[in-house]
Amino acid sequence: MKNILIILFLLPIYTFSQDNLLNEIDTDSTWANYADATFKGLKIVNFESTKLVAKNQFTFIVAHRFGSIENGFDTFFGLDDAVTRLNFIYGISDGFNVGVSRSSYQKIYEFSTKYRILRQIENGSPFTVVGFNELLINTALNKDNLPLLEFKHRLTYVAQLLVSRKINTNLSLELAPTFFHENYVAIDEQDNSQYALGIGGRYKLGKRWSINLDYGCHLNRADNSPYKNPLSIGFDLETGGHVFQMHFTNAQGMNTNTYLGQATGDWGDGDIFFGFNLSRTF
């Protein structure tokens with residue numbers, strides 16, 4: 001397992017940068033006939049998209065995920081139970097990003113890399129392929145409750161392969177096979193190494209609006225697990241230098257292991273969470 005993780009986290013050094021994506025526009029005819037503006041946000045809803053931050057650009061993302069709307073006015077439709085994630089992403093090159101974030105959900109710190117492997121191009125690759133890796137540190141675990149807790153138990157490793165295709169001017173689709181390994185799991189029957197397959201898409205409703213949807217299928221969830229597969233729907237609004245994303249989802253956590261492995265909501269019961277992401281590029 002250690003060898004596998006080492007390979008996954010060294011993979012980014014073999015990738016190289018390609019042309020600048022900063023000034024993406026919604027056209028099919030772009031420089032070198034690359035498919036452009038497949039996604040406008042760095043995330044679809046929960047899942048990462050194949051979009052990257054351009055070279056030497058810095059993007060700051062403020063993400064809020066409120067509590068369940070199921071409780072109505074008791075929690076003001078979830079506003080009383082909000083969690084926040086602050087994410088900082090820098091483009092080392094057009095095809096290689098690094099990021100760091102902190103989420104109030106489980107007080108998780110994240111260090112990430114995102115890197116382009118292939119890019120969809122006319123008469124060439126039919127897909128854009130991007131790798132995404134995370135190292136997560138759960139600082140909320142308490143030694144008073146877990147006497148044998150060591151620092152290594154706080155760690156989670158994530159490796160995703162993001163494969164997208166811009167079908168036409170309006171429609172883009174993505175698959176996201178995912179592996180994540182949690183050194184500590186709350187359910188004894190749950191394997192530490194977990195596998196999932198994500199699917200998502202974007203459909204343009206207008207020049208600046210789109211509707212987005214993603215779903216994650218956990219492939220080896222423990223039989224006695226109370227957690228659900230995450231289903232999310234949202235809207236993107238592009239306004240000048242930032243993209244505003246509004247969404248509903250049954251997962252309150254915003255890191256990969258929390259939305260894929262620990263989603264608690266149920267759409268059938270109205271147990272869902274409203275949230276938004278606001279990004280600004282400098």
# chains A, B, ... in the order shown; residues from 1 in each chain; ligands from 1
call {"tool": "select_by_dssp", "arguments": {"residues": "stretch 10-226 of chain A", "states": "helix (DSSP H, G or I)", "output": "PyMOL selection string"}}
result
chain A and resi 10-14+31-33+69-75+79-81+105-107+151-154
call {"tool": "residues_around", "arguments": {"residues": "stretch 141-157 of chain A", "least_positions_apart": "5", "cutoff": "7 Å", "atoms": "only C-alpha atoms", "output": "PyMOL selection string"}}
result
chain A and resi 134-136+180-184
call {"tool": "write_last_selection", "arguments": {"atoms": "N, CA, C and O atoms", "output": "short mmCIF file (atom, residue, chain, number, x, y, z; two decimals), in the first residue's frame"}}
result
data_model
loop_
_atom_site.label_atom_id
_atom_site.label_comp_id
_atom_site.auth_asym_id
_atom_site.auth_seq_id
_atom_site.Cartn_x
_atom_site.Cartn_y
_atom_site.Cartn_z
N GLU A 134 -4.83 14.50 -2.84
CA GLU A 134 -4.98 15.24 -1.59
C GLU A 134 -4.27 14.50 -0.45
O GLU A 134 -4.26 13.27 -0.41
N LEU A 135 -3.74 15.28 0.47
CA LEU A 135 -3.36 14.80 1.79
C LEU A 135 -4.21 15.57 2.78
O LEU A 135 -4.18 16.80 2.82
N LEU A 136 -5.01 14.85 3.57
CA LEU A 136 -5.95 15.46 4.50
C LEU A 136 -5.54 15.15 5.93
O LEU A 136 -5.12 14.02 6.24
N PHE A 180 -9.44 6.50 -2.02
CA PHE A 180 -9.00 7.22 -0.84
C PHE A 180 -8.77 6.24 0.31
O PHE A 180 -9.48 5.24 0.45
N HIS A 181 -7.74 6.53 1.09
CA HIS A 181 -7.34 5.67 2.20
C HIS A 181 -7.36 6.49 3.49
O HIS A 181 -6.63 7.47 3.63
N GLU A 182 -8.24 6.09 4.41
CA GLU A 182 -8.34 6.74 5.72
C GLU A 182 -7.63 5.89 6.76
O GLU A 182 -7.99 4.71 6.94
N ASN A 183 -6.67 6.46 7.43
CA ASN A 183 -5.97 5.69 8.46
C ASN A 183 -6.85 5.43 9.68
O ASN A 183 -6.57 4.50 10.45
N TYR A 184 -7.89 6.23 9.86
CA TYR A 184 -8.87 5.98 10.92
C TYR A 184 -10.27 6.00 10.31
O TYR A 184 -10.63 6.94 9.59
#
call {"tool": "residues_around", "arguments": {"residues": "stretch 204-211 of chain A", "least_positions_apart": "5", "cutoff": "6 Å", "atoms": "only C-alpha atoms", "output": "list of chain:residue names"}}
result
A:Asn170, A:Gly234, A:Phe235, A:Asp236, A:Leu237, A:Glu238
call {"tool": "residues_around", "arguments": {"residues": "A:Thr178", "least_positions_apart": "6", "cutoff": "10 Å", "atoms": "only C-alpha atoms", "output": "list in words"}}
result
Phe132, Asn133, Val158, Ala159, Gln160, Leu161, Leu162, Gln194, Tyr195, Ala196, Leu197, Gly198, Gly216, Cys217, His218, Leu219, Thr256, Asn257 and Leu260 of chain A
call {"tool": "write_last_selection", "arguments": {"atoms": "N, CA and C atoms", "output": "CSV table (one decimal), in the first residue's frame"}}
result
chain,number,residue,atom,x,y,z
A,132,PHE,N,-5.8,14.4,-9.7
A,132,PHE,CA,-6.0,15.2,-8.4
A,132,PHE,C,-5.6,14.4,-7.2
A,133,ASN,N,-4.7,14.9,-6.4
A,133,ASN,CA,-4.3,14.2,-5.2
A,133,ASN,C,-4.4,15.1,-4.0
A,158,VAL,N,-5.8,10.8,-0.9
A,158,VAL,CA,-6.8,10.7,-2.0
A,158,VAL,C,-6.1,10.8,-3.4
A,159,ALA,N,-6.6,10.0,-4.3
A,159,ALA,CA,-6.1,10.0,-5.7
A,159,ALA,C,-7.3,9.9,-6.6
A,160,GLN,N,-7.5,10.9,-7.5
A,160,GLN,CA,-8.6,10.9,-8.4
A,160,GLN,C,-8.1,11.1,-9.8
A,161,LEU,N,-8.8,10.4,-10.8
A,161,LEU,CA,-8.5,10.7,-12.2
A,161,LEU,C,-9.8,11.3,-12.7
A,162,LEU,N,-9.7,12.5,-13.3
A,162,LEU,CA,-10.8,13.2,-13.8
A,162,LEU,C,-10.8,13.2,-15.3
A,194,GLN,N,-10.7,2.7,0.3
A,194,GLN,CA,-12.0,2.8,-0.3
A,194,GLN,C,-12.0,3.3,-1.7
A,195,TYR,N,-13.0,2.9,-2.5
A,195,TYR,CA,-13.1,3.1,-3.9
A,195,TYR,C,-14.4,3.7,-4.3
A,196,ALA,N,-14.4,4.6,-5.2
A,196,ALA,CA,-15.7,5.2,-5.7
A,196,ALA,C,-15.6,5.6,-7.1
A,197,LEU,N,-16.7,5.8,-7.7
A,197,LEU,CA,-16.8,6.3,-9.1
A,197,LEU,C,-17.7,7.5,-9.1
A,198,GLY,N,-17.2,8.6,-9.6
A,198,GLY,CA,-18.0,9.8,-9.7
A,198,GLY,C,-18.4,10.1,-11.1
A,216,GLY,N,-21.7,10.4,-6.7
A,216,GLY,CA,-20.6,9.5,-6.3
A,216,GLY,C,-21.1,8.2,-5.9
A,217,CYS,N,-20.6,7.1,-6.5
A,217,CYS,CA,-21.0,5.7,-6.1
A,217,CYS,C,-19.9,5.1,-5.3
A,218,HIS,N,-20.1,4.9,-4.0
A,218,HIS,CA,-19.0,4.2,-3.2
A,218,HIS,C,-19.1,2.7,-3.5
A,219,LEU,N,-17.9,2.2,-3.8
A,219,LEU,CA,-17.9,0.8,-4.3
A,219,LEU,C,-17.7,-0.3,-3.3
A,256,THR,N,-12.9,15.3,-0.1
A,256,THR,CA,-13.3,14.1,-0.8
A,256,THR,C,-13.7,13.0,0.1
A,257,ASN,N,-13.0,12.7,1.1
A,257,ASN,CA,-13.4,11.6,2.0
A,257,ASN,C,-14.7,11.8,2.8
A,260,LEU,N,-17.7,11.7,-0.1
A,260,LEU,CA,-17.8,10.4,-0.6
A,260,LEU,C,-18.0,9.3,0.5
call {"tool": "closest_atom_pairs", "arguments": {"of": "stretch 43-81 of chain A", "to": "stretch 224-233 of chain A", "cutoff": "12 Å", "atoms": "only C-alpha atoms", "output": "CSV"}}
result
residue,atom,partner,partner_atom,distance
A:Lys43,CA,A:Ser232,CA,11.7
A:Ile44,CA,A:Ile233,CA,9.0
A:Val45,CA,A:Ser232,CA,6.4
A:Asn46,CA,A:Ser232,CA,7.2
A:Phe47,CA,A:Ser232,CA,9.6
call {"tool": "write_last_selection", "arguments": {"atoms": "N, CA and C atoms", "output": "mmCIF file, in the first residue's frame"}}
result
data_model
loop_
_atom_site.group_PDB
_atom_site.id
_atom_site.type_symbol
_atom_site.label_atom_id
_atom_site.label_comp_id
_atom_site.auth_asym_id
_atom_site.auth_seq_id
_atom_site.Cartn_x
_atom_site.Cartn_y
_atom_site.Cartn_z
ATOM 1 N N LYS A 43 -14.784 23.205 -9.375
ATOM 2 C CA LYS A 43 -15.577 22.049 -8.979
ATOM 3 C C LYS A 43 -16.843 22.001 -9.819
ATOM 4 N N ILE A 44 -17.365 20.774 -10.008
ATOM 5 C CA ILE A 44 -18.688 20.648 -10.613
ATOM 6 C C ILE A 44 -19.710 21.037 -9.547
ATOM 7 N N VAL A 45 -19.843 20.207 -8.517
ATOM 8 C CA VAL A 45 -20.505 20.591 -7.268
ATOM 9 C C VAL A 45 -19.596 20.137 -6.139
ATOM 10 N N ASN A 46 -19.591 18.833 -5.855
ATOM 11 C CA ASN A 46 -18.649 18.285 -4.884
ATOM 12 C C ASN A 46 -17.339 17.870 -5.546
ATOM 13 N N PHE A 47 -17.446 17.226 -6.693
ATOM 14 C CA PHE A 47 -16.264 16.695 -7.369
ATOM 15 C C PHE A 47 -15.469 17.806 -8.049
#
call {"tool": "closest_residue", "arguments": {"among": "A:Ile69, A:Ile199, A:Met246, A:Val129", "to": "A:Val163", "atoms": "only C-alpha atoms"}}
result
A:Val129
call {"tool": "closest_residue", "arguments": {"among": "A:Ser164, A:Thr59, A:Thr113, A:Asn33", "to": "A:Gly201", "atoms": "only C-alpha atoms"}}
result
A:Ser164
call {"tool": "residues_around", "arguments": {"residues": "A:Leu118", "least_positions_apart": "6", "cutoff": "9 Å", "atoms": "only C-alpha atoms", "output": "number ranges by chain"}}
result
A: 125, 127-130
call {"tool": "atom_distance", "arguments": {"atom1": "atom CA of A:Asn277", "atom2": "atom CA of A:Asn97"}}
result
18.8 Å
call {"tool": "residues_around", "arguments": {"residues": "A:Gln57", "least_positions_apart": "2", "cutoff": "10 Å", "atoms": "only C-alpha atoms", "output": "list in words"}}
result
Leu22, Val53, Ala54, Lys55, Thr59, Ile89, Tyr90, Gly91, Ile92, Ser93, Asp94, Asn97, Thr281 and Phe282 of chain A
call {"tool": "write_last_selection", "arguments": {"atoms": "all heavy atoms", "output": "tab-separated table (two decimals), in the first residue's frame"}}
result
chain	number	residue	atom	x	y	z
A	22	LEU	N	-6.67	30.96	-18.51
A	22	LEU	CA	-7.24	32.04	-17.73
A	22	LEU	C	-8.41	32.71	-18.42
A	22	LEU	O	-9.44	33.01	-17.81
A	22	LEU	CB	-6.16	33.09	-17.42
A	22	LEU	CG	-6.64	34.34	-16.65
A	22	LEU	CD1	-7.19	33.94	-15.30
A	22	LEU	CD2	-5.52	35.34	-16.53
A	53	VAL	N	-6.32	26.37	-12.56
A	53	VAL	CA	-5.92	27.77	-12.46
A	53	VAL	C	-4.73	28.00	-13.38
A	53	VAL	O	-3.84	27.16	-13.49
A	53	VAL	CB	-5.56	28.11	-11.00
A	53	VAL	CG1	-5.02	29.53	-10.89
A	53	VAL	CG2	-6.79	27.94	-10.10
A	54	ALA	N	-4.71	29.15	-14.05
A	54	ALA	CA	-3.64	29.44	-15.01
A	54	ALA	C	-2.32	29.76	-14.30
A	54	ALA	O	-2.27	30.05	-13.10
A	54	ALA	CB	-4.05	30.61	-15.90
A	55	LYS	N	-1.25	29.71	-15.06
A	55	LYS	CA	0.10	29.95	-14.55
A	55	LYS	C	0.19	31.31	-13.85
A	55	LYS	O	-0.27	32.32	-14.36
A	55	LYS	CB	1.10	29.89	-15.70
A	55	LYS	CG	2.55	30.09	-15.27
A	55	LYS	CD	3.48	29.99	-16.46
A	55	LYS	CE	4.93	30.20	-16.04
A	55	LYS	NZ	5.86	30.09	-17.20
A	59	THR	N	-6.06	31.74	-6.90
A	59	THR	CA	-7.51	31.70	-6.72
A	59	THR	C	-7.85	31.41	-5.27
A	59	THR	O	-7.29	30.50	-4.66
A	59	THR	CB	-8.15	30.63	-7.62
A	59	THR	OG1	-7.95	30.99	-9.00
A	59	THR	CG2	-9.65	30.53	-7.37
A	89	ILE	N	-5.53	28.29	-4.04
A	89	ILE	CA	-4.98	27.51	-5.14
A	89	ILE	C	-4.06	28.40	-5.98
A	89	ILE	O	-4.42	29.54	-6.32
A	89	ILE	CB	-6.09	26.93	-6.04
A	89	ILE	CG1	-7.06	26.09	-5.19
A	89	ILE	CG2	-5.52	26.08	-7.15
A	89	ILE	CD1	-8.34	25.72	-5.92
A	90	TYR	N	-2.89	27.87	-6.33
A	90	TYR	CA	-1.93	28.63	-7.11
A	90	TYR	C	-1.51	27.83	-8.34
A	90	TYR	O	-1.28	26.61	-8.26
A	90	TYR	CB	-0.69	28.96	-6.28
A	90	TYR	CG	0.35	29.77	-7.03
A	90	TYR	CD1	0.13	31.11	-7.32
A	90	TYR	CD2	1.53	29.18	-7.47
A	90	TYR	CE1	1.06	31.85	-8.03
A	90	TYR	CE2	2.48	29.91	-8.17
A	90	TYR	CZ	2.23	31.25	-8.45
A	90	TYR	OH	3.15	31.97	-9.15
A	91	GLY	N	-1.43	28.52	-9.48
A	91	GLY	CA	-1.02	27.87	-10.72
A	91	GLY	C	0.49	27.96	-10.92
A	91	GLY	O	1.00	29.01	-11.32
A	92	ILE	N	1.20	26.88	-10.62
A	92	ILE	CA	2.64	26.86	-10.87
A	92	ILE	C	2.89	26.91	-12.37
A	92	ILE	O	3.83	27.56	-12.84
A	92	ILE	CB	3.26	25.60	-10.23
A	92	ILE	CG1	3.17	25.70	-8.70
A	92	ILE	CG2	4.72	25.43	-10.66
A	92	ILE	CD1	3.72	24.50	-7.98
A	93	SER	N	2.05	26.24	-13.13
A	93	SER	CA	2.04	26.34	-14.58
A	93	SER	C	0.59	26.23	-15.02
A	93	SER	O	-0.31	26.02	-14.20
A	93	SER	CB	2.90	25.25	-15.22
A	93	SER	OG	2.25	23.99	-15.09
A	94	ASP	N	0.35	26.34	-16.33
A	94	ASP	CA	-1.02	26.22	-16.81
A	94	ASP	C	-1.60	24.83	-16.56
A	94	ASP	O	-2.81	24.66	-16.52
A	94	ASP	CB	-1.08	26.52	-18.31
A	94	ASP	CG	-0.79	27.98	-18.61
A	94	ASP	OD1	-1.01	28.82	-17.72
A	94	ASP	OD2	-0.35	28.28	-19.73
A	97	ASN	N	-1.33	22.74	-10.63
A	97	ASN	CA	-1.79	23.58	-9.52
A	97	ASN	C	-1.45	22.95	-8.18
A	97	ASN	O	-1.40	21.71	-8.06
A	97	ASN	CB	-3.30	23.77	-9.56
A	97	ASN	CG	-3.80	24.58	-10.75
A	97	ASN	OD1	-5.00	24.72	-10.93
A	97	ASN	ND2	-2.91	25.11	-11.57
A	281	THR	N	-10.19	35.13	-8.60
A	281	THR	CA	-8.84	34.95	-9.12
A	281	THR	C	-8.09	36.27	-9.11
A	281	THR	O	-8.62	37.30	-9.51
A	281	THR	CB	-8.90	34.39	-10.56
A	281	THR	OG1	-9.53	33.11	-10.53
A	281	THR	CG2	-7.50	34.23	-11.14
A	282	PHE	N	-6.83	36.21	-8.67
A	282	PHE	CA	-5.99	37.41	-8.59
A	282	PHE	C	-4.78	37.26	-9.53
A	282	PHE	O	-4.32	36.17	-9.77
A	282	PHE	CB	-5.49	37.62	-7.16
A	282	PHE	CG	-6.61	37.79	-6.16
A	282	PHE	CD1	-7.12	36.69	-5.48
A	282	PHE	CD2	-7.14	39.04	-5.91
A	282	PHE	CE1	-8.14	36.85	-4.56
A	282	PHE	CE2	-8.16	39.21	-4.98
A	282	PHE	CZ	-8.68	38.10	-4.31
call {"tool": "select_by_dssp", "arguments": {"residues": "stretch 85-271 of chain A", "states": "strand (DSSP E)", "output": "PyMOL selection string"}}
result
chain A and resi 85-93+96-103+108-118+128-138+155-166+171-182+193-204+209-218+231-239+242-249
call {"tool": "closest_residue", "arguments": {"among": "A:Ser193, A:Asn138, A:Asn87, A:Asn168", "to": "A:Tyr109", "atoms": "only C-alpha atoms"}}
result
A:Asn138
call {"tool": "atom_distance", "arguments": {"atom1": "atom CA of A:Leu171", "atom2": "atom CA of A:Thr38"}}
result
8.2 Å
